[in-house]
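Dumped upload-v7.cif below, it's mmCIF, C-alpha atoms:
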```cif
data_data
loop_
_atom_site.label_atom_id
_atom_site.label_comp_id
_atom_site.auth_asym_id
_atom_site.auth_seq_id
_atom_site.Cartn_x
_atom_site.Cartn_y
_atom_site.Cartn_z
CA MET A 1 -27.42 -28.98 -25.68
CA ASN A 2 -24.90 -26.42 -27.00
CA VAL A 3 -26.19 -23.56 -29.08
CA LEU A 4 -24.12 -22.95 -32.20
CA VAL A 5 -25.43 -19.48 -32.92
CA ALA A 6 -22.23 -17.68 -31.97
CA LEU A 7 -22.07 -14.10 -30.83
CA VAL A 8 -20.08 -13.26 -33.93
CA VAL A 9 -23.05 -14.41 -36.03
CA LEU A 10 -25.36 -12.21 -33.98
CA GLY A 11 -23.13 -9.23 -34.70
CA LEU A 12 -22.92 -10.09 -38.40
CA VAL A 13 -26.64 -10.53 -38.79
CA ARG A 14 -27.65 -7.33 -37.06
CA GLY A 15 -25.15 -5.43 -39.15
CA SER A 16 -26.08 -7.07 -42.43
CA LEU A 17 -29.24 -5.22 -43.42
CA ALA A 18 -27.48 -2.67 -45.59
CA PHE A 19 -26.05 -5.51 -47.65
CA GLY A 20 -29.39 -7.26 -48.11
CA PHE A 21 -28.47 -10.48 -46.31
CA GLY A 22 -31.37 -12.74 -45.42
CA PRO A 23 -32.13 -14.15 -41.98
CA PRO A 24 -29.70 -16.79 -40.75
CA THR A 25 -30.34 -20.39 -40.01
CA CYS A 26 -30.05 -21.56 -36.44
CA GLY A 27 -28.43 -24.68 -35.12
CA PHE A 28 -27.61 -26.86 -32.16
CA THR A 29 -25.54 -29.89 -31.28
CA ASP A 30 -27.71 -32.92 -30.70
CA SER A 31 -27.13 -35.42 -27.89
CA ASP A 32 -25.26 -37.67 -30.32
CA GLY A 33 -22.75 -34.88 -30.99
CA VAL A 34 -24.04 -34.16 -34.49
CA ALA A 35 -24.47 -30.51 -35.47
CA ARG A 36 -27.93 -29.85 -36.90
CA THR A 37 -29.49 -26.82 -38.56
CA CYS A 38 -33.01 -25.36 -38.53
CA ASN A 39 -34.43 -23.49 -41.50
CA PRO A 40 -36.41 -20.32 -40.66
CA TYR A 41 -38.47 -20.87 -43.81
CA GLY A 42 -39.10 -24.58 -43.32
CA SER A 43 -42.43 -26.30 -42.77
CA SER A 44 -41.60 -26.42 -39.04
CA PRO A 45 -39.59 -23.22 -38.71
CA CYS A 46 -37.66 -22.46 -35.58
CA CYS A 47 -38.41 -18.78 -36.18
CA ASN A 48 -40.49 -16.64 -38.48
CA GLN A 49 -39.09 -14.35 -41.16
CA TYR A 50 -36.64 -11.75 -39.79
CA ARG A 51 -36.11 -13.72 -36.61
CA PHE A 52 -33.44 -16.24 -35.70
CA CYS A 53 -33.26 -18.70 -32.87
CA ASP A 54 -31.20 -18.01 -29.78
CA ILE A 55 -32.14 -21.26 -27.99
CA PRO A 56 -33.20 -23.94 -30.52
CA ARG A 57 -34.62 -27.35 -29.68
CA PRO A 58 -34.10 -30.77 -31.28
CA ASP A 59 -37.42 -30.58 -33.12
CA CYS A 60 -36.45 -27.17 -34.59
CA THR A 61 -38.94 -25.29 -32.47
CA CYS A 62 -37.47 -22.39 -30.58
CA SER A 63 -37.74 -21.24 -26.98
CA VAL A 64 -36.22 -17.80 -27.64
CA CYS A 65 -36.51 -16.04 -31.01
CA ILE A 66 -34.77 -12.72 -31.64
CA ASP A 67 -35.78 -10.17 -34.26
CA TYR A 68 -32.42 -9.37 -35.80
CA ARG A 69 -33.45 -6.15 -37.55
CA ILE A 70 -34.08 -3.65 -34.77
CA GLY A 71 -34.25 -5.27 -31.38
CA ASN A 72 -35.91 -7.99 -29.40
CA PRO A 73 -38.59 -7.31 -30.49
CA PRO A 74 -39.06 -3.85 -32.12
CA VAL A 75 -42.52 -3.44 -30.58
CA ARG A 76 -43.73 -3.13 -26.99
CA LEU A 77 -46.89 -2.45 -24.97
CA VAL A 78 -46.79 0.41 -22.48
CA GLY A 79 -49.26 1.62 -19.86
CA GLY A 80 -51.44 -1.49 -19.63
CA GLN A 81 -52.43 -3.33 -16.48
CA ASP A 82 -50.56 -6.47 -17.47
CA GLY A 83 -47.99 -7.57 -20.00
CA ARG A 84 -50.51 -8.30 -22.72
CA SER A 85 -52.15 -4.89 -23.09
CA GLY A 86 -51.04 -1.33 -23.53
CA ARG A 87 -50.14 1.49 -25.87
CA VAL A 88 -48.30 0.19 -28.94
CA GLU A 89 -44.79 1.55 -29.34
CA VAL A 90 -42.29 0.64 -32.06
CA ASN A 91 -38.54 1.00 -32.36
CA ILE A 92 -37.29 2.54 -35.60
CA ASN A 93 -33.71 3.68 -36.08
CA ASN A 94 -32.95 2.88 -32.44
CA GLY A 95 -35.67 5.16 -31.08
CA TRP A 96 -39.06 4.34 -29.56
CA GLY A 97 -42.26 6.08 -30.62
CA THR A 98 -46.01 5.55 -30.78
CA VAL A 99 -48.46 4.44 -33.46
CA CYS A 100 -51.45 6.47 -34.66
CA ASP A 101 -54.92 4.90 -34.48
CA ASP A 102 -56.00 5.99 -37.99
CA PHE A 103 -57.24 2.79 -39.72
CA TRP A 104 -56.13 0.81 -36.64
CA ASP A 105 -58.20 -2.38 -36.31
CA ILE A 106 -58.01 -6.00 -35.25
CA LYS A 107 -55.77 -7.05 -38.18
CA GLU A 108 -53.02 -4.71 -37.02
CA GLY A 109 -53.59 -5.82 -33.44
CA ASN A 110 -53.15 -9.46 -34.45
CA VAL A 111 -49.79 -8.72 -36.06
CA VAL A 112 -48.52 -6.89 -32.96
CA CYS A 113 -49.68 -9.60 -30.58
CA ARG A 114 -48.22 -12.47 -32.59
CA GLN A 115 -44.98 -10.52 -32.85
CA LEU A 116 -44.92 -10.40 -29.05
CA GLY A 117 -45.57 -14.15 -28.76
CA PHE A 118 -49.33 -14.11 -28.10
CA PRO A 119 -51.83 -16.07 -30.20
CA GLY A 120 -53.53 -12.88 -31.45
CA ALA A 121 -55.43 -9.77 -30.41
CA GLU A 122 -58.47 -9.76 -28.17
CA SER A 123 -59.30 -6.10 -28.86
CA VAL A 124 -57.77 -2.87 -30.08
CA GLU A 125 -58.05 0.44 -28.25
CA LEU A 126 -58.17 3.92 -29.76
CA SER A 127 -57.76 7.58 -28.75
CA GLY A 128 -54.88 7.16 -26.30
CA PHE A 129 -56.85 4.67 -24.21
CA HIS A 130 -53.67 3.45 -22.47
CA GLY A 131 -52.35 6.97 -21.94
CA HIS A 132 -50.63 9.45 -24.21
CA GLY A 133 -47.10 8.63 -25.24
CA THR A 134 -44.25 11.06 -25.76
CA GLY A 135 -41.73 11.58 -28.49
CA PRO A 136 -42.32 10.86 -32.18
CA ILE A 137 -45.36 9.22 -33.74
CA LEU A 138 -43.54 6.76 -35.96
CA MET A 139 -46.37 5.06 -37.88
CA ASP A 140 -49.72 6.23 -39.28
CA ASP A 141 -52.40 4.85 -41.63
CA ILE A 142 -51.17 1.30 -41.03
CA GLY A 143 -52.65 -1.35 -43.30
CA CYS A 144 -51.93 -4.99 -42.45
CA ALA A 145 -53.26 -8.04 -44.23
CA GLY A 146 -53.04 -9.81 -40.88
CA ASN A 147 -50.41 -12.42 -41.75
CA GLU A 148 -47.30 -10.25 -41.51
CA GLY A 149 -44.48 -11.25 -39.18
CA SER A 150 -43.90 -7.69 -37.99
CA LEU A 151 -45.92 -4.50 -37.82
CA LEU A 152 -43.12 -2.84 -39.80
CA ASP A 153 -43.97 -5.09 -42.74
CA CYS A 154 -47.44 -3.51 -43.05
CA THR A 155 -48.03 -0.53 -45.31
CA HIS A 156 -47.86 2.74 -43.39
CA LEU A 157 -46.89 6.38 -43.38
CA ASP A 158 -43.70 7.18 -41.51
CA SER A 159 -43.06 9.96 -39.03
CA SER A 160 -42.40 12.52 -41.75
CA ALA A 161 -45.85 12.03 -43.32
CA GLN A 162 -48.13 11.35 -40.35
CA ASN A 163 -50.77 13.87 -39.23
CA CYS A 164 -51.60 12.63 -35.73
CA GLN A 165 -51.34 13.69 -32.12
CA HIS A 166 -50.70 11.55 -29.05
CA SER A 167 -54.41 11.71 -28.24
CA GLU A 168 -54.66 9.22 -31.13
CA ASP A 169 -52.11 6.73 -29.83
CA ALA A 170 -53.20 3.18 -30.66
CA GLY A 171 -53.39 0.35 -28.15
CA VAL A 172 -54.06 -3.37 -28.11
CA THR A 173 -55.05 -6.13 -25.72
CA CYS A 174 -53.60 -9.49 -26.71
CA THR A 175 -55.29 -12.83 -26.23
CA PRO A 176 -53.66 -14.63 -23.30
CA GLY A 177 -51.48 -17.57 -24.23
CA ILE A 178 -53.62 -19.81 -22.09
CA ARG A 179 -57.08 -21.30 -22.54
CA LEU A 180 -59.52 -23.91 -21.28
CA ALA A 181 -60.61 -26.11 -24.17
CA ASN A 182 -63.46 -28.55 -24.77
CA GLY A 183 -65.38 -27.62 -21.62
CA GLY A 184 -68.38 -26.04 -23.32
CA VAL A 185 -68.09 -22.80 -21.31
CA SER A 186 -65.26 -20.36 -20.71
CA HIS A 187 -64.52 -21.25 -17.10
CA ARG A 188 -63.72 -24.96 -17.46
CA GLY A 189 -61.89 -27.28 -19.80
CA ARG A 190 -58.60 -28.87 -20.76
CA LEU A 191 -55.71 -26.55 -19.91
CA GLU A 192 -53.74 -25.49 -22.97
CA ILE A 193 -50.72 -23.18 -23.19
CA TYR A 194 -49.35 -21.23 -26.17
CA ILE A 195 -45.57 -21.53 -26.43
CA ASP A 196 -43.32 -21.15 -29.48
CA ASN A 197 -46.24 -20.33 -31.77
CA GLN A 198 -48.20 -23.48 -31.00
CA TRP A 199 -50.82 -24.62 -28.53
CA GLY A 200 -50.07 -27.58 -26.30
CA THR A 201 -51.37 -29.26 -23.17
CA VAL A 202 -50.25 -29.56 -19.53
CA CYS A 203 -49.63 -32.85 -17.73
CA ASP A 204 -51.58 -33.60 -14.54
CA ASP A 205 -48.50 -34.83 -12.63
CA GLN A 206 -48.33 -32.87 -9.33
CA PHE A 207 -50.85 -30.33 -10.67
CA ASP A 208 -52.89 -29.08 -7.72
CA MET A 209 -55.10 -26.22 -6.57
CA SER A 210 -52.19 -23.78 -6.17
CA ASP A 211 -51.40 -24.26 -9.85
CA ALA A 212 -55.07 -24.07 -10.84
CA ASN A 213 -55.56 -20.82 -8.93
CA VAL A 214 -52.74 -19.22 -10.92
CA VAL A 215 -54.35 -20.40 -14.16
CA CYS A 216 -57.79 -19.11 -13.26
CA ARG A 217 -56.57 -15.72 -12.08
CA GLN A 218 -54.56 -15.42 -15.29
CA LEU A 219 -57.79 -16.02 -17.21
CA GLY A 220 -59.54 -13.30 -15.20
CA PHE A 221 -61.48 -15.48 -12.76
CA PRO A 222 -61.27 -15.05 -8.97
CA GLY A 223 -59.76 -18.50 -8.48
CA ALA A 224 -60.20 -22.22 -9.09
CA ASP A 225 -62.95 -24.59 -7.97
CA SER A 226 -61.22 -27.86 -8.84
CA VAL A 227 -58.55 -29.73 -10.81
CA GLN A 228 -59.60 -32.44 -13.27
CA SER A 229 -57.02 -35.12 -14.06
CA GLU A 230 -56.67 -37.95 -16.60
CA ALA A 231 -57.95 -36.02 -19.62
CA SER A 232 -61.40 -35.38 -18.17
CA TYR A 233 -62.06 -32.95 -21.02
CA GLY A 234 -60.64 -35.22 -23.70
CA GLN A 235 -57.11 -35.79 -24.92
CA GLY A 236 -55.37 -32.90 -26.61
CA SER A 237 -52.89 -33.07 -29.46
CA GLY A 238 -49.47 -31.69 -30.26
CA LEU A 239 -46.82 -31.04 -27.64
CA ILE A 240 -47.26 -31.42 -23.90
CA HIS A 241 -45.73 -28.08 -22.97
CA MET A 242 -45.57 -28.45 -19.19
CA ASP A 243 -45.12 -31.25 -16.68
CA ASP A 244 -44.54 -31.36 -12.91
CA VAL A 245 -45.88 -27.82 -12.56
CA SER A 246 -45.25 -26.33 -9.12
CA CYS A 247 -46.67 -22.90 -8.27
CA SER A 248 -46.51 -21.14 -4.93
CA GLY A 249 -49.93 -19.66 -5.74
CA SER A 250 -48.79 -16.03 -5.86
CA GLU A 251 -47.68 -16.07 -9.49
CA THR A 252 -49.58 -14.06 -12.10
CA ASN A 253 -48.61 -16.32 -15.01
CA ILE A 254 -48.40 -20.12 -15.10
CA LEU A 255 -45.08 -19.83 -16.96
CA ASP A 256 -43.58 -18.17 -13.87
CA CYS A 257 -44.02 -21.45 -11.97
CA THR A 258 -41.37 -24.17 -12.02
CA TYR A 259 -42.04 -26.96 -14.51
CA VAL A 260 -40.48 -29.47 -16.86
CA GLY A 261 -40.81 -28.36 -20.47
CA ALA A 262 -41.73 -30.08 -23.73
CA LEU A 263 -39.46 -32.87 -24.95
CA GLN A 264 -38.31 -33.44 -21.36
CA GLU A 265 -41.64 -34.45 -19.88
CA ASN A 266 -42.69 -38.09 -19.42
CA CYS A 267 -46.43 -37.77 -20.02
CA GLU A 268 -49.02 -38.80 -22.55
CA HIS A 269 -52.17 -36.97 -23.58
CA ARG A 270 -54.26 -39.31 -21.42
CA GLU A 271 -52.76 -37.28 -18.55
CA ASP A 272 -53.86 -33.88 -19.87
CA VAL A 273 -55.02 -31.78 -16.93
CA GLY A 274 -58.26 -29.82 -16.78
CA VAL A 275 -59.39 -26.96 -14.57
CA ILE A 276 -62.71 -25.58 -13.38
CA CYS A 277 -62.49 -21.91 -12.45
CA SER A 278 -64.76 -20.20 -9.97
CA LEU A 279 -67.20 -17.72 -11.46
CA GLY A 280 -67.45 -15.93 -8.15
CA SER A 281 -68.82 -12.42 -8.54
CA GLU A 282 -68.11 -12.04 -12.25
CA VAL A 283 -70.68 -9.26 -12.54
CA ARG A 284 -71.99 -6.75 -9.99
CA LEU A 285 -74.16 -3.64 -9.67
CA VAL A 286 -72.55 -0.61 -8.02
CA GLY A 287 -73.88 2.76 -6.86
CA GLY A 288 -77.60 2.00 -6.72
CA SER A 289 -79.96 2.57 -3.82
CA THR A 290 -80.64 -1.19 -3.58
CA GLU A 291 -78.68 -4.29 -4.54
CA LYS A 292 -81.01 -4.78 -7.52
CA LYS A 293 -79.83 -1.69 -9.38
CA GLY A 294 -76.60 0.09 -10.16
CA ARG A 295 -73.75 0.60 -12.57
CA VAL A 296 -72.85 -2.66 -14.33
CA GLU A 297 -69.32 -3.81 -13.56
CA VAL A 298 -67.66 -7.03 -14.72
CA PHE A 299 -64.55 -8.88 -13.54
CA LYS A 300 -62.07 -9.56 -16.32
CA ASP A 301 -58.31 -10.02 -16.56
CA GLY A 302 -57.96 -9.72 -12.81
CA SER A 303 -59.74 -6.39 -12.38
CA TRP A 304 -63.23 -4.89 -12.17
CA GLY A 305 -64.30 -2.60 -14.98
CA THR A 306 -67.41 -1.01 -16.47
CA VAL A 307 -69.59 -1.62 -19.52
CA CYS A 308 -70.24 1.01 -22.20
CA ASP A 309 -73.84 1.99 -22.95
CA ASP A 310 -73.38 1.86 -26.74
CA LEU A 311 -76.06 -0.51 -28.14
CA PHE A 312 -76.84 -1.74 -24.60
CA ASP A 313 -80.56 -2.50 -24.40
CA ILE A 314 -83.07 -4.49 -22.38
CA THR A 315 -81.92 -7.78 -23.93
CA ASP A 316 -78.39 -7.22 -22.63
CA GLY A 317 -79.84 -6.09 -19.29
CA ASN A 318 -81.81 -9.33 -19.01
CA VAL A 319 -78.62 -11.37 -19.33
CA VAL A 320 -76.94 -9.33 -16.59
CA CYS A 321 -79.90 -9.64 -14.23
CA ARG A 322 -80.36 -13.38 -14.75
CA GLN A 323 -76.63 -13.88 -14.18
CA LEU A 324 -77.10 -12.14 -10.82
CA GLY A 325 -80.02 -14.41 -9.94
CA TYR A 326 -82.87 -12.03 -10.75
CA THR A 327 -85.76 -12.69 -13.13
CA ARG A 328 -85.14 -9.96 -15.69
CA ALA A 329 -84.19 -6.34 -16.23
CA GLU A 330 -86.78 -3.68 -15.54
CA THR A 331 -84.84 -0.98 -17.34
CA THR A 332 -81.36 -0.01 -18.52
CA LEU A 333 -79.88 3.40 -17.73
CA SER A 334 -77.24 5.11 -19.83
CA ARG A 335 -74.81 8.04 -19.50
CA ALA A 336 -73.38 6.98 -16.12
CA TYR A 337 -76.76 7.29 -14.38
CA PHE A 338 -75.30 5.62 -11.28
CA GLY A 339 -72.07 7.61 -11.43
CA GLN A 340 -68.87 7.16 -13.39
CA GLY A 341 -66.69 4.16 -12.64
CA ASP A 342 -62.93 4.04 -12.87
CA GLY A 343 -60.36 1.63 -14.26
CA PRO A 344 -60.87 -0.21 -17.54
CA ILE A 345 -64.02 -0.29 -19.68
CA HIS A 346 -64.22 -4.01 -20.34
CA LEU A 347 -67.17 -4.34 -22.73
CA ASP A 348 -68.65 -2.22 -25.54
CA ASN A 349 -71.30 -2.58 -28.25
CA LEU A 350 -72.84 -5.67 -26.66
CA GLU A 351 -75.39 -7.50 -28.76
CA CYS A 352 -76.81 -10.33 -26.64
CA THR A 353 -79.47 -12.57 -28.14
CA GLY A 354 -81.06 -12.95 -24.71
CA THR A 355 -80.38 -16.67 -24.36
CA GLU A 356 -76.89 -16.27 -22.85
CA THR A 357 -76.27 -17.14 -19.21
CA ASN A 358 -73.13 -15.01 -18.94
CA ILE A 359 -72.55 -11.47 -20.22
CA PHE A 360 -69.16 -12.56 -21.57
CA ASP A 361 -70.89 -14.98 -23.94
CA CYS A 362 -72.51 -12.05 -25.78
CA PRO A 363 -70.82 -10.73 -28.93
CA GLY A 364 -69.33 -7.28 -28.68
CA ALA A 365 -66.88 -4.85 -30.23
CA SER A 366 -63.18 -5.61 -30.53
CA ALA A 367 -62.34 -1.89 -30.21
CA ILE A 368 -63.51 0.11 -27.20
CA ASP A 369 -64.09 3.81 -27.90
CA CYS A 370 -66.01 4.88 -24.77
CA GLY A 371 -65.38 7.04 -21.74
CA HIS A 372 -66.74 6.52 -18.25
CA SER A 373 -69.42 9.12 -18.97
CA GLU A 374 -71.04 6.28 -20.95
CA ASP A 375 -71.04 3.67 -18.16
CA VAL A 376 -74.26 1.70 -18.34
CA GLY A 377 -76.55 0.79 -15.44
CA VAL A 378 -79.35 -1.73 -14.91
CA SER A 379 -82.37 -2.10 -12.64
CA CYS A 380 -83.35 -5.75 -12.07
CA VAL A 381 -86.57 -7.36 -10.82
#
```

Structure translated into structure tokens:
Amino acid sequence: MNVLVALVVLGLVRGSLAFGFGPPTCGFTDSDGVARTCNPYGSSPCCNQYRFCDIPRPDCTCSVCIDYRIGNPPVRLVGGQDGRSGRVEVNINNGWGTVCDDFWDIKEGNVVCRQLGFPGAESVELSGFHGHGTGPILMDDIGCAGNEGSLLDCTHLDSSAQNCQHSEDAGVTCTPGIRLANGGVSHRGRLEIYIDNQWGTVCDDQFDMSDANVVCRQLGFPGADSVQSEASYGQGSGLIHMDDVSCSGSETNILDCTYVGALQENCEHREDVGVICSLGSEVRLVGGSTEKKGRVEVFKDGSWGTVCDDLFDITDGNVVCRQLGYTRAETTLSRAYFGQGDGPIHLDNLECTGTETNIFDCPGASAIDCGHSEDVGVSCV
């Protein structure tokens, strides 16, 4: 399939802003030799506004979209533990700078994450949580509706009007482009992948435990318990994004494995694969005099982290203790009673009802504004 977006078009488009030109269409030559065109504003766009397609597909979806205004793309995440979290930095006038956390909330996070190809934001982080940047602070007082195609489309103050310091650099953690659906709990279900702005399934052909282990670690679990074939968790819909997946087992992202992509696979949704991930030690108590008490730490996104004591009460403690196999919590202890942890603070402002079997099933804050001096502890009985 030959791409018809010529380099001369790329040069024209990126140099066209001063003249007010709109985003280009993108095209390809189909297998029958007929040149076809995709419309960025169509009902099935190959790209969103301000982006054109570098590698289009016959159904006008796009495997590589390029933001033609400032770069590819004009936003990045720096200082996080993986590619989906970090300090938000934007590129304006060919220079990178940070974003102030004034008015920064989940709507702005969603815009950033979708711009980077993720489904949305899992949480936003404030007060230089991912480290202090350097150079200019390019955006302040950002106000997004949540449906913008770029953070630069949101209302904001520019670098000449901002009143921030790098201790206020904003961060975000994006939702992974992978999920387990229709399993009833977070650690099992039909495997679905987010590619080209749409969710799709994975075929069970050749899918084995090496592949499942990559999936489960990507979701923050220690590993996989089993693979479920033949649509054990029901048939999905839409595209089958991956077929004949083959992982070595050392990959950190399922997309790093070899596979046959959508429109080339030979599967049906009755072959949608499912996975059951191992819960392992998803929660633990550290620093106590006995195994029944200590600082609460949870395993998420491939690393252990602490829990903030904001709003944490005996109801939340009961969930933790029952998850560890104890009857209930005797007491909760705040202000890093069992010593300060290190690494990420994974959970904040928990509000469990008390009926949950897993601390991750409890509602909590999307923005974490704690330090390790607020690490919570529990004593179980």

Nearest residue to A:Phe338 out of A:Val286, A:Ile240, A:Met139, A:Cys216, using all atoms listed in the file?
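Of all the options, A:Val286 lies closest to A:Phe338.
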
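The spacing separating atom CA of A:Thr331 from atom CA of A:Gly317 amounts to 7.4 Å.
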
Which residues are close to stretch 166-183 of chain A, i.e. within 7 Å by all atoms listed in the file, leaving aside same-chain residues fewer than 5 positions away? Reply as an MDAnalysis selection string.
chainID A and resid 84:88 98:101 109 113 118:130 132:133 188:194 233

Would you save the residues of that selection, restricted to C-alpha atoms, as a compact mmCIF listing (two decimals), in the frame of the given file?
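File produced: result10.txt:
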```
# COMPACT_ATOMS: atom_id res chain seq x y z
CA ARG A 84 -50.51 -8.30 -22.72
CA SER A 85 -52.15 -4.89 -23.09
CA GLY A 86 -51.04 -1.33 -23.53
CA ARG A 87 -50.14 1.49 -25.87
CA VAL A 88 -48.30 0.19 -28.94
CA THR A 98 -46.01 5.55 -30.78
CA VAL A 99 -48.46 4.44 -33.46
CA CYS A 100 -51.45 6.47 -34.66
CA ASP A 101 -54.92 4.90 -34.48
CA GLY A 109 -53.59 -5.82 -33.44
CA CYS A 113 -49.68 -9.60 -30.58
CA PHE A 118 -49.33 -14.11 -28.10
CA PRO A 119 -51.83 -16.07 -30.20
CA GLY A 120 -53.53 -12.88 -31.45
CA ALA A 121 -55.43 -9.77 -30.41
CA GLU A 122 -58.47 -9.76 -28.17
CA SER A 123 -59.30 -6.10 -28.86
CA VAL A 124 -57.77 -2.87 -30.08
CA GLU A 125 -58.05 0.44 -28.25
CA LEU A 126 -58.17 3.92 -29.76
CA SER A 127 -57.76 7.58 -28.75
CA GLY A 128 -54.88 7.16 -26.30
CA PHE A 129 -56.85 4.67 -24.21
CA HIS A 130 -53.67 3.45 -22.47
CA HIS A 132 -50.63 9.45 -24.21
CA GLY A 133 -47.10 8.63 -25.24
CA ARG A 188 -63.72 -24.96 -17.46
CA GLY A 189 -61.89 -27.28 -19.80
CA ARG A 190 -58.60 -28.87 -20.76
CA LEU A 191 -55.71 -26.55 -19.91
CA GLU A 192 -53.74 -25.49 -22.97
CA ILE A 193 -50.72 -23.18 -23.19
CA TYR A 194 -49.35 -21.23 -26.17
CA TYR A 233 -62.06 -32.95 -21.02
```

From the list A:Leu285, A:Leu239, A:Val78, A:Ile345, which residue is nearest A:Asp301 when using all atoms listed in the file?
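Checking each of A:Leu285, A:Leu239, A:Val78, A:Ile345 against A:Asp301, counting all atoms listed in the file, the winner is A:Ile345.
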
Expand the PyMOL selection byres ((chain A and resi 207-215) around 7) into the individual residues it matches in the shown file, reporting them as a PyMOL selection string.
chain A and resi 204-206+216-219+223-224+226-227+244-249+251-254+275

Take the PyMOL selection byres ((chain A and resi 288-295) around 12), run it mentally on this structure, and tell me the resulting residues as a PyMOL selection string.
chain A and resi 283-287+296-298+304-309+317+320-322+324-342+372-381

Between atom CA of A:Ile106 and atom CA of A:Ile359 - distance in Å to one decimal:
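Atom CA of A:Ile359 sits 21.6 Å away from atom CA of A:Ile106.
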
Selection as an mmCIF file with C-alpha atoms, in the coordinates of the input: residues within 6 Å of (-58.4, -1.9, -12.5), counting only C-alpha atoms:
```
data_model
loop_
_atom_site.group_PDB
_atom_site.id
_atom_site.type_symbol
_atom_site.label_atom_id
_atom_site.label_comp_id
_atom_site.auth_asym_id
_atom_site.auth_seq_id
_atom_site.Cartn_x
_atom_site.Cartn_y
_atom_site.Cartn_z
ATOM 1 C CA SER A 303 -59.740 -6.390 -12.380
ATOM 2 C CA TRP A 304 -63.230 -4.890 -12.170
ATOM 3 C CA GLY A 343 -60.360 1.630 -14.260
ATOM 4 C CA PRO A 344 -60.870 -0.210 -17.540
#
```

Between atom CA of A:Arg76 and atom CA of A:Gln198, what is the distance, to one decimal in Å?
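Distance between the two atoms: 21.2 Å.
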
Taking 4 positions as the minimum chain separation for residues in the same chain, which residues sit within 10 Å of A:Asn147 when counting only C-alpha atoms? Answer as a ChimeraX atom specification.
/A:107-108,110-111,114,151,153-154

Determine the residue membership of the PyMOL selection byres ((chain A and resi 264) around 12) for the file above and supply it as a list of chain:residue names.
A:Arg57, A:Pro58, A:Cys203, A:Leu239, A:Ile240, A:His241, A:Met242, A:Asp243, A:Asp244, A:Tyr259, A:Val260, A:Gly261, A:Ala262, A:Leu263, A:Glu265, A:Asn266, A:Cys267

Could you pull the residues within 10 Å of A:Leu138, counting only C-alpha atoms, minus those fewer than 4 positions along the same chain, as a PyMOL selection string?
chain A and resi 89-92+95-100+156-162+164

Could you save those same residues with C-alpha atoms as a PDB file, in the coordinates of the input?
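Contents of result.pdb, freshly written:
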```pdb
ATOM      1  CA  GLU A  89     -44.790   1.550 -29.340  1.00  0.00           C
ATOM      2  CA  VAL A  90     -42.290   0.640 -32.060  1.00  0.00           C
ATOM      3  CA  ASN A  91     -38.540   1.000 -32.360  1.00  0.00           C
ATOM      4  CA  ILE A  92     -37.290   2.540 -35.600  1.00  0.00           C
ATOM      5  CA  GLY A  95     -35.670   5.160 -31.080  1.00  0.00           C
ATOM      6  CA  TRP A  96     -39.060   4.340 -29.560  1.00  0.00           C
ATOM      7  CA  GLY A  97     -42.260   6.080 -30.620  1.00  0.00           C
ATOM      8  CA  THR A  98     -46.010   5.550 -30.780  1.00  0.00           C
ATOM      9  CA  VAL A  99     -48.460   4.440 -33.460  1.00  0.00           C
ATOM     10  CA  CYS A 100     -51.450   6.470 -34.660  1.00  0.00           C
ATOM     11  CA  HIS A 156     -47.860   2.740 -43.390  1.00  0.00           C
ATOM     12  CA  LEU A 157     -46.890   6.380 -43.380  1.00  0.00           C
ATOM     13  CA  ASP A 158     -43.700   7.180 -41.510  1.00  0.00           C
ATOM     14  CA  SER A 159     -43.060   9.960 -39.030  1.00  0.00           C
ATOM     15  CA  SER A 160     -42.400  12.520 -41.750  1.00  0.00           C
ATOM     16  CA  ALA A 161     -45.850  12.030 -43.320  1.00  0.00           C
ATOM     17  CA  GLN A 162     -48.130  11.350 -40.350  1.00  0.00           C
ATOM     18  CA  CYS A 164     -51.600  12.630 -35.730  1.00  0.00           C
TER      19      CYS A 164
END
```
